[in-house]
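Data block below; observations after.
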Amino acid sequence: MKHKMRLAIAITTAVLGVLGPTAGNAQDKYSLQSPSGIALSDFKGYEDWAVVSSARTDEVLKVIVANPTMIDAYKTGVPGNDQPFPDGSKIVKLQWKPKKSTEAPFAVDVPDIFTQAFVIEKDSKRFPKSGGWGYAVFNYEASSDKFTADPSPSDCGHACHVAVKAKDHIFHPYQKR
C-alpha cells in the first residue's frame, strides 16, 4: 500500500511540475492595450458575437463580428437609414491566412492560421476626430500562442474608412440571412 501511495504522489508531483508552469504562463489577452488606448478587454466575449459579414483579400480571410448593440442597430437599418451607429457599437475583424481545403470535393479556401483581430469601437467622446470610432489591431502569433498590441498607429483605420463616411465609416453591411 505504501508503494502505491508513493507512486501516486510521485506521479502527481511530476504532472504538476509539467503543467504548473504552463498554466502559470497562460496569457491573459484581455490585459492588452493598444498605443491608442483601446483595450482588448473592451471587446471581451467577441469570440461569441454574431457574424456581420465575411471578406477575402489575396492575403487573408476575414470574418466580421459585432456586439449586440451594433447588431441591433444593423437590424433597425443603420447605416442605410441615415442614422449613425450608437455609442457602444463594437465590431471585430478576425483574420486568418487561407489554405486550400484538402477535404472538400471542390476548390475552396478555408481558414488556416489565425493572425489578427482588428477592433473598432464607437465612442463619440473618446474619438471625436475620427467620426466617433476608435481603431486598434491585436496581432496573434501562433507559434507562441500569444496576442500583442500592434505598435503601429491605428489611425489607418480611420483613414481607410473615410471612403465609407456616408455609412458611418463601416465597410461591411449586415448580410441577408
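For the C-alpha cells, the naming scheme is as follows: chains receive sequential letters (A, B, ...) according to their order of presentation, residues are indexed from 1 within each chain, and ligands are indexed from 1 in presentation order.
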Show which residues sit within 12 Å of segment 69-82 of chain A, as a PyMOL selection string. Count only C-alpha atoms, and ignore same-chain residues fewer than 2 positions away.
-> chain A and resi 49-53+64-67+84-92+120-122+164-177
If we count only C-alpha atoms, what is near segment 25-38 of chain A at a cut-off of 8 Å, once residues fewer than 5 positions away on the same chain are taken out, given as a list in words?
-> Lys44, Gly134, Tyr135, Ala136, Val137, Phe138, Lys146, Phe147, Thr148, Ala149, Asp150, Pro151, Ser152, Pro153 and Ser154 of chain A
Could you find all residues in segment 40-175 of chain A that DSSP calls strand (DSSP E) from the backbone, and write them as a PyMOL selection string?
-> chain A and resi 50-56+61-66+90-100+109-122+133-141+146-149
Helix (DSSP H, G or I) call set, DSSP backbone run, chain A, as a count of residues only = 56
Non-local contacts of Asp112 of chain A (12 Å; only C-alpha atoms; under 2 positions in same chain excluded) as a short mmCIF file (atom, residue, chain, number, x, y, z; two decimals) with C-alpha atoms, in the first residue's frame:
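Saved result, result.cif, follows:
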data_model
loop_
_atom_site.label_atom_id
_atom_site.label_comp_id
_atom_site.auth_asym_id
_atom_site.auth_seq_id
_atom_site.Cartn_x
_atom_site.Cartn_y
_atom_site.Cartn_z
CA GLU A 59 -3.70 37.52 -48.22
CA VAL A 60 -6.44 36.89 -45.64
CA LEU A 61 -9.88 35.54 -44.95
CA LYS A 62 -11.94 37.74 -42.63
CA GLN A 95 -8.32 37.41 -39.87
CA TRP A 96 -6.78 34.12 -40.96
CA LYS A 97 -4.27 33.10 -43.59
CA PRO A 98 -6.17 30.90 -46.04
CA LYS A 99 -5.35 27.41 -47.21
CA LYS A 100 -6.89 25.11 -49.78
CA SER A 101 -9.20 22.55 -48.25
CA THR A 102 -7.84 19.04 -48.61
CA ASP A 109 -10.17 28.14 -49.30
CA VAL A 110 -10.62 27.69 -45.55
CA PHE A 114 -5.28 32.98 -37.17
CA THR A 115 -3.28 36.22 -37.49
CA ALA A 142 0.51 31.05 -33.48
#
Selected residue of minimal separation from Phe43 of chain A among A:Ala104, A:Ala117, A:Arg126, A:Gln83, counting only C-alpha atoms =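 Of A:Ala104, A:Ala117, A:Arg126, A:Gln83, the one nearest Phe43 of chain A is A:Ala117, counting only C-alpha atoms.
You will find atom CA of Pro111 of chain A at 28.0 Å from atom CA of Trp133 of chain A.
Coordinates place atom CA of Asn139 of chain A at a distance of 17.2 Å from atom CA of Gly45 of chain A.
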For atom CA of Tyr46 of chain A and atom CA of Val108 of chain A, determine how far apart the two atoms are, in Å to one decimal place.
-> 26.1 Å
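The closest residue to Lys129 of chain A, picked from A:Val162, A:Arg56, A:Glu103, A:Asp145 and counting only C-alpha atoms, is A:Val162.
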